[in-house]
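Below is one structure, written out as structure tokens; the observations come after it.
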Amino acid sequence: MHVNGHGRRHEWLMINRLWWLLVALLLSRWVTMAVLPLTDTSEARYAEIARLMAVSGDWITPWFRERIPFWGKPPLSFWAQASALNLLPGREFAPRFPAWLAHLGTVWLISRYALVLAGRHRALWTALIYSSMGLVYVCAGAVLTDGFFTLGTTASLVSAGLALRGEARGWRWLFFVGLAIGLLAKGPLTLVLVGAPLGGWVLWTGRWRSLWRALPWWWGGALTLLLTLPWYLAAEVKTPGFLDYFIVGEHISRFLDPGWAGDRYGSAHDQPRGTIWLLWFWAALPWSPVILWRLIQRLRRHCVARAGRQLDDDQKLLLLAALVPVVFFTFSGNILATYVLPGLPFAALLLAMGGGTEHPARRVIWRVLVVLLPALALSGGLYVWRYPQTLKTEKTLIQCYRAAAASASQSLIYIGEAPFSARYYGRGQVVEMTLEHWLAQAGKPPGDAMFVAVRKRLVGPLRDRSPIPLVALCEDRRYSLMSD
């Protein structure tokens, strides 16, 4: 009895320490969320779209800029970010906070699955491993759509796994809610990244009857349609052409055509085929070497066929869920690192299920890995907070303009296209002009001081051709703010 009591106390102390480590890890992301400015291009672009939604009150169509709808993504993340801008303080923290909540939801889902499979200790390690992966830590506090997409696919796959195990009936319905979250966050790709692992699992195990009985496919499908179809139809009616661009362009042409020229909001990323595996290795750091080492060890002990037969049905589902996003994009050249994110929760689950913390030395190493990238991220964040000119952001320049402008009616003119961060922090006071247009109207009629932001390389030519004398007020990484 004494030994058992001592063992229970030791286990309780270990779980308590892991719990507080997880809390510290999750809350550490708040630091950079609050102090770092939004940077170009993706974060500032999505934040500006959310700001326009919050200001306009248009909750159907996200707007890229005035009179240009944003058809690249469904609106779920923008709904959350716009709501946060209306409810929370902080121009940086508010739009980032919904991504942190989405991350928290994903952590809870995979921890709940791990709890059922292997107990509290492995559940906490699942959460710690996942939350300390490099890409995950970044996306957990960034103004992006991928966190919500990952929440949706994870909810569906975890729910399917738990429903197959006969867990509470609520999981059967959460599967279809997860599909709706993914469809409203990213689109039909959700059906691929959820359907392919489940289809592969059925072929591998032969348990198609079990899957069919575990989920209410007809009523659940109706629930998914009820939650998603109204917005898709309303968006097409409001801005005709949306469905053709979003379904055909964003989900077919983007991936099959490496140099797709139809992207209305950016440029195609033509990468060598198979690059997605390198992106996965980077995204899963510092755990990717551990995962690969575990795989090599397993294959050294057993051939591929025997290793596969030793997996139980839950592990087969986890393996497929972890691999499908990477395999799916292997032959696509138009890719981003965030495309691997939906598989990382299940990679973390697999690693935690395999153990590794039984020996004290390994336990210390794993704890070091947990804090490694967050510590580096915090250090880097404090550095760029101290030296903001290292970032591609216009926050400092906008602050300089506001301090110098005598009245709110004095617009800030950007020569050329203004960066998204300038539009976001400028809150509608930023005007875009070509150099010729500005030269033609400079000083006519005379009045309030003019404020113009110009690329650093154009400062000399602008001064030489300007009909009015200009002085530099401040500069950031890319632009110089000038006034007469």
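By order in the structure tokens, chains are A, B, ...; within a chain, residues start at 1; ligands start at 1, following the order shown.
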Considering only C-alpha atoms, return as a list in words whatever protein or nucleic-acid residues lie within 9 Å of segment 230-237 of chain A, sequence-local ones (same chain, fewer than 6 positions apart) excluded.
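So the residues in contact are Ile60, Thr61, Pro74, Pro75, Leu184 and Leu243 of chain A.
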Restricting it to C-alpha atoms, dump the selection as a PDB file, in the first residue's frame.
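The resulting file, selection09.pdb, is shown below:
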```
ATOM      1  CA  ILE A  60     -21.639  37.865 -46.258  1.00  0.00           C
ATOM      2  CA  THR A  61     -18.824  39.016 -48.540  1.00  0.00           C
ATOM      3  CA  PRO A  74     -14.794  31.454 -46.940  1.00  0.00           C
ATOM      4  CA  PRO A  75     -15.622  33.859 -44.125  1.00  0.00           C
ATOM      5  CA  LEU A 184     -16.607  27.670 -43.893  1.00  0.00           C
ATOM      6  CA  LEU A 243     -18.461  29.842 -56.968  1.00  0.00           C
TER       7      LEU A 243
END
```
At a cut-off of 8 Å, using only C-alpha atoms, what residues contact segment 13-20 of chain A? Leave out same-chain residues fewer than 5 positions from it and give the result as a list in words.
Arg120, His121, Leu124 and Trp125 of chain A
Please save N, CA, C and O atoms of the selected residues as an mmCIF file, in the first residue's frame.
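Now in again-v6.cif:
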```cif
data_model
loop_
_atom_site.group_PDB
_atom_site.id
_atom_site.type_symbol
_atom_site.label_atom_id
_atom_site.label_comp_id
_atom_site.auth_asym_id
_atom_site.auth_seq_id
_atom_site.Cartn_x
_atom_site.Cartn_y
_atom_site.Cartn_z
ATOM 1 N N ARG A 120 -4.152 10.057 -18.956
ATOM 2 C CA ARG A 120 -3.874 11.483 -18.789
ATOM 3 C C ARG A 120 -2.445 11.864 -19.148
ATOM 4 O O ARG A 120 -2.196 12.933 -19.711
ATOM 5 N N HIS A 121 -1.506 11.019 -18.790
ATOM 6 C CA HIS A 121 -0.104 11.343 -19.019
ATOM 7 C C HIS A 121 0.166 11.525 -20.515
ATOM 8 O O HIS A 121 0.760 12.520 -20.944
ATOM 9 N N LEU A 124 -1.533 14.720 -21.965
ATOM 10 C CA LEU A 124 -0.787 15.969 -21.760
ATOM 11 C C LEU A 124 0.410 16.065 -22.684
ATOM 12 O O LEU A 124 0.712 17.148 -23.210
ATOM 13 N N TRP A 125 1.095 14.949 -22.900
ATOM 14 C CA TRP A 125 2.230 14.984 -23.815
ATOM 15 C C TRP A 125 1.781 15.251 -25.247
ATOM 16 O O TRP A 125 2.474 15.924 -26.019
#
```
Skip Tyr46 of chain A itself and residues of its chain fewer than 2 positions away, then list as a list in words all residues within 9 Å of it, counting only C-alpha atoms.
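Everything that qualifies: Thr41, Ser42, Glu43, Ala44, Glu48, Ile49, Ala50, Arg51, Phe64, Ser77, Phe78, Gln81, Val143, Leu144, Thr145 and Phe420 of chain A.
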Take the selection from the previous step and output its residues with all heavy atoms, as a tab-separated table (two decimals), in the first residue's frame.
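Contents of part_36.tsv, freshly written:
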```tsv
chain	number	residue	atom	x	y	z
A	41	THR	N	2.83	39.77	-45.87
A	41	THR	CA	1.61	40.14	-46.55
A	41	THR	C	0.39	39.49	-45.90
A	41	THR	O	-0.64	40.13	-45.72
A	41	THR	CB	1.70	39.71	-48.02
A	41	THR	OG1	2.82	40.28	-48.63
A	41	THR	CG2	0.46	40.12	-48.81
A	42	SER	N	0.49	38.20	-45.55
A	42	SER	CA	-0.71	37.44	-45.21
A	42	SER	C	-1.43	37.98	-43.98
A	42	SER	O	-2.64	38.21	-44.00
A	42	SER	CB	-0.35	35.97	-44.99
A	42	SER	OG	0.09	35.39	-46.19
A	43	GLU	N	-0.69	38.17	-42.87
A	43	GLU	CA	-1.35	38.60	-41.64
A	43	GLU	C	-2.06	39.93	-41.80
A	43	GLU	O	-3.23	40.08	-41.43
A	43	GLU	CB	-0.32	38.69	-40.51
A	43	GLU	CG	-0.43	37.62	-39.47
A	43	GLU	CD	0.04	38.06	-38.11
A	43	GLU	OE1	1.07	38.75	-38.02
A	43	GLU	OE2	-0.63	37.73	-37.12
A	44	ALA	N	-1.37	40.90	-42.36
A	44	ALA	CA	-1.97	42.23	-42.52
A	44	ALA	C	-3.12	42.19	-43.51
A	44	ALA	O	-4.12	42.90	-43.35
A	44	ALA	CB	-0.90	43.22	-42.97
A	48	GLU	N	-6.85	43.23	-42.49
A	48	GLU	CA	-7.53	44.34	-43.17
A	48	GLU	C	-8.89	43.88	-43.70
A	48	GLU	O	-9.87	44.64	-43.64
A	48	GLU	CB	-6.66	44.87	-44.30
A	48	GLU	CG	-7.31	45.90	-45.20
A	48	GLU	CD	-7.73	47.19	-44.50
A	48	GLU	OE1	-7.45	47.34	-43.28
A	48	GLU	OE2	-8.35	48.04	-45.16
A	49	ILE	N	-8.97	42.67	-44.21
A	49	ILE	CA	-10.26	42.15	-44.66
A	49	ILE	C	-11.23	42.07	-43.48
A	49	ILE	O	-12.41	42.44	-43.60
A	49	ILE	CB	-10.08	40.76	-45.31
A	49	ILE	CG1	-9.31	40.90	-46.63
A	49	ILE	CG2	-11.43	40.08	-45.56
A	49	ILE	CD1	-8.90	39.58	-47.25
A	50	ALA	N	-10.74	41.61	-42.33
A	50	ALA	CA	-11.59	41.54	-41.14
A	50	ALA	C	-11.99	42.94	-40.67
A	50	ALA	O	-13.13	43.15	-40.24
A	50	ALA	CB	-10.85	40.81	-40.02
A	51	ARG	N	-11.06	43.90	-40.75
A	51	ARG	CA	-11.38	45.27	-40.34
A	51	ARG	C	-12.47	45.86	-41.22
A	51	ARG	O	-13.41	46.51	-40.73
A	51	ARG	CB	-10.13	46.16	-40.41
A	51	ARG	CG	-10.33	47.56	-39.85
A	51	ARG	CD	-9.17	48.48	-40.20
A	51	ARG	NE	-9.15	48.79	-41.63
A	51	ARG	CZ	-9.88	49.76	-42.18
A	51	ARG	NH1	-10.70	50.49	-41.43
A	51	ARG	NH2	-9.80	49.99	-43.47
A	64	PHE	N	-11.68	42.54	-50.32
A	64	PHE	CA	-10.24	42.69	-50.46
A	64	PHE	C	-9.84	44.15	-50.38
A	64	PHE	O	-8.84	44.52	-49.77
A	64	PHE	CB	-9.83	42.09	-51.80
A	64	PHE	CG	-8.35	41.97	-52.00
A	64	PHE	CD1	-7.59	41.11	-51.23
A	64	PHE	CD2	-7.71	42.72	-52.98
A	64	PHE	CE1	-6.23	40.99	-51.43
A	64	PHE	CE2	-6.35	42.60	-53.18
A	64	PHE	CZ	-5.61	41.74	-52.41
A	77	SER	N	-13.09	32.57	-40.52
A	77	SER	CA	-12.02	33.24	-39.77
A	77	SER	C	-12.24	34.75	-39.75
A	77	SER	O	-11.97	35.41	-38.74
A	77	SER	CB	-10.66	32.91	-40.39
A	77	SER	OG	-10.59	33.35	-41.73
A	78	PHE	N	-12.76	35.31	-40.84
A	78	PHE	CA	-13.02	36.76	-40.88
A	78	PHE	C	-14.16	37.14	-39.94
A	78	PHE	O	-14.13	38.21	-39.32
A	78	PHE	CB	-13.32	37.21	-42.31
A	78	PHE	CG	-12.24	36.86	-43.29
A	78	PHE	CD1	-12.53	36.15	-44.43
A	78	PHE	CD2	-10.93	37.22	-43.05
A	78	PHE	CE1	-11.54	35.81	-45.33
A	78	PHE	CE2	-9.92	36.89	-43.94
A	78	PHE	CZ	-10.23	36.18	-45.09
A	81	GLN	N	-12.47	37.16	-36.53
A	81	GLN	CA	-11.53	38.28	-36.38
A	81	GLN	C	-12.27	39.61	-36.32
A	81	GLN	O	-11.91	40.50	-35.53
A	81	GLN	CB	-10.52	38.26	-37.52
A	81	GLN	CG	-9.58	37.06	-37.46
A	81	GLN	CD	-9.09	36.60	-38.82
A	81	GLN	OE1	-9.30	37.27	-39.83
A	81	GLN	NE2	-8.43	35.46	-38.86
A	143	VAL	N	-2.98	35.92	-37.69
A	143	VAL	CA	-4.23	36.23	-38.38
A	143	VAL	C	-4.23	35.46	-39.70
A	143	VAL	O	-3.90	35.99	-40.76
A	143	VAL	CB	-4.38	37.74	-38.63
A	143	VAL	CG1	-5.79	38.05	-39.14
A	143	VAL	CG2	-4.11	38.51	-37.35
A	144	LEU	N	-4.60	34.19	-39.63
A	144	LEU	CA	-4.65	33.30	-40.79
A	144	LEU	C	-5.93	32.49	-40.73
A	144	LEU	O	-6.64	32.49	-39.72
A	144	LEU	CB	-3.44	32.37	-40.80
A	144	LEU	CG	-2.05	33.02	-40.89
A	144	LEU	CD1	-0.96	31.98	-40.67
A	144	LEU	CD2	-1.86	33.71	-42.23
A	145	THR	N	-6.20	31.77	-41.81
A	145	THR	CA	-7.40	30.92	-41.85
A	145	THR	C	-7.10	29.47	-41.49
A	145	THR	O	-8.01	28.70	-41.20
A	145	THR	CB	-8.01	30.94	-43.27
A	145	THR	OG1	-7.06	30.40	-44.19
A	145	THR	CG2	-8.36	32.36	-43.69
A	420	PHE	N	-0.69	46.19	-47.16
A	420	PHE	CA	-1.88	45.90	-46.35
A	420	PHE	C	-1.73	46.42	-44.93
A	420	PHE	O	-2.70	46.87	-44.32
A	420	PHE	CB	-2.15	44.40	-46.34
A	420	PHE	CG	-2.64	43.87	-47.65
A	420	PHE	CD1	-1.78	43.21	-48.50
A	420	PHE	CD2	-3.95	44.03	-48.04
A	420	PHE	CE1	-2.22	42.71	-49.72
A	420	PHE	CE2	-4.41	43.56	-49.26
A	420	PHE	CZ	-3.53	42.89	-50.10
```
Counting only C-alpha atoms, which of A:Val340, A:Ile335, A:Leu117, A:Ile468 gets nearest to Ala322 of chain A?
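Of the candidates, the smallest distance to Ala322 of chain A is held by A:Val340.
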Distance criterion (only C-alpha atoms): nearest to Thr390 of chain A out of A:Arg298, A:Val31, A:Thr126, A:Asp476:
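So, comparing all the options, the nearest one is A:Asp476.
When only C-alpha atoms are used to measure the gap to Leu104 of chain A, the shortest distance among A:Gly147, A:Gly170, A:Pro374, A:Pro419 belongs to A:Gly147.
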At a cut-off of 12 Å, using only C-alpha atoms, what residues contact Arg423 of chain A? Leave out same-chain residues fewer than 3 positions from it and give the result as a ChimeraX atom specification.
/A:38-41,44-52,64-66,393-395,397-398,411-414,417-420,426-432
Only C-alpha atoms, please: the residues just picked out, written as a JSON list (two decimals), in the first residue's frame.
```json
[["chain", "number", "residue", "atom", "x", "y", "z"],
["A", 38, "LEU", "CA", 0.94, 42.85, -38.03],
["A", 39, "THR", "CA", 3.28, 42.17, -40.94],
["A", 40, "ASP", "CA", 2.83, 41.98, -44.67],
["A", 41, "THR", "CA", 1.61, 40.14, -46.55],
["A", 44, "ALA", "CA", -1.97, 42.23, -42.52],
["A", 45, "ARG", "CA", -4.07, 41.28, -45.55],
["A", 46, "TYR", "CA", -6.44, 39.07, -43.55],
["A", 47, "ALA", "CA", -6.59, 41.60, -40.70],
["A", 48, "GLU", "CA", -7.53, 44.34, -43.17],
["A", 49, "ILE", "CA", -10.26, 42.15, -44.66],
["A", 50, "ALA", "CA", -11.59, 41.54, -41.14],
["A", 51, "ARG", "CA", -11.38, 45.27, -40.34],
["A", 52, "LEU", "CA", -13.39, 46.13, -43.45],
["A", 64, "PHE", "CA", -10.24, 42.69, -50.46],
["A", 65, "ARG", "CA", -10.51, 46.42, -50.94],
["A", 66, "GLU", "CA", -13.26, 48.80, -52.01],
["A", 393, "THR", "CA", 5.13, 46.51, -41.44],
["A", 394, "GLU", "CA", 3.97, 50.11, -41.73],
["A", 395, "LYS", "CA", 2.84, 50.53, -38.12],
["A", 397, "LEU", "CA", 5.38, 54.96, -40.20],
["A", 398, "ILE", "CA", 1.63, 55.34, -39.59],
["A", 411, "SER", "CA", -4.59, 61.83, -45.71],
["A", 412, "LEU", "CA", -1.40, 59.85, -46.00],
["A", 413, "ILE", "CA", -0.53, 59.30, -49.67],
["A", 414, "TYR", "CA", 1.34, 56.17, -50.69],
["A", 417, "GLU", "CA", 0.06, 50.42, -54.01],
["A", 418, "ALA", "CA", -0.09, 50.75, -50.24],
["A", 419, "PRO", "CA", 0.90, 47.64, -48.24],
["A", 420, "PHE", "CA", -1.88, 45.90, -46.35],
["A", 426, "GLY", "CA", -4.26, 53.72, -41.47],
["A", 427, "ARG", "CA", -7.97, 52.87, -40.89],
["A", 428, "GLY", "CA", -9.21, 54.37, -44.14],
["A", 429, "GLN", "CA", -6.93, 57.44, -44.19],
["A", 430, "VAL", "CA", -4.42, 55.99, -46.66],
["A", 431, "VAL", "CA", -4.66, 57.13, -50.28],
["A", 432, "GLU", "CA", -2.87, 55.45, -53.20]]
```
Name the closest residue to Ile110 of chain A among the candidates A:Leu162, A:Leu211, A:Ala196, A:Cys474; distances are taken between atoms, counting only C-alpha atoms.
A:Leu162
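The interatomic distance for the pair atom CA of Ser466 of chain A and atom CA of Leu481 of chain A works out to 14.5 Å.
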Residue nearest Tyr479 of chain A - candidates A:Val454, A:Ala102, A:Leu462, A:Ile68, atoms counted: only C-alpha atoms
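Once distances to Tyr479 of chain A are computed over only C-alpha atoms, the minimum belongs to A:Val454.
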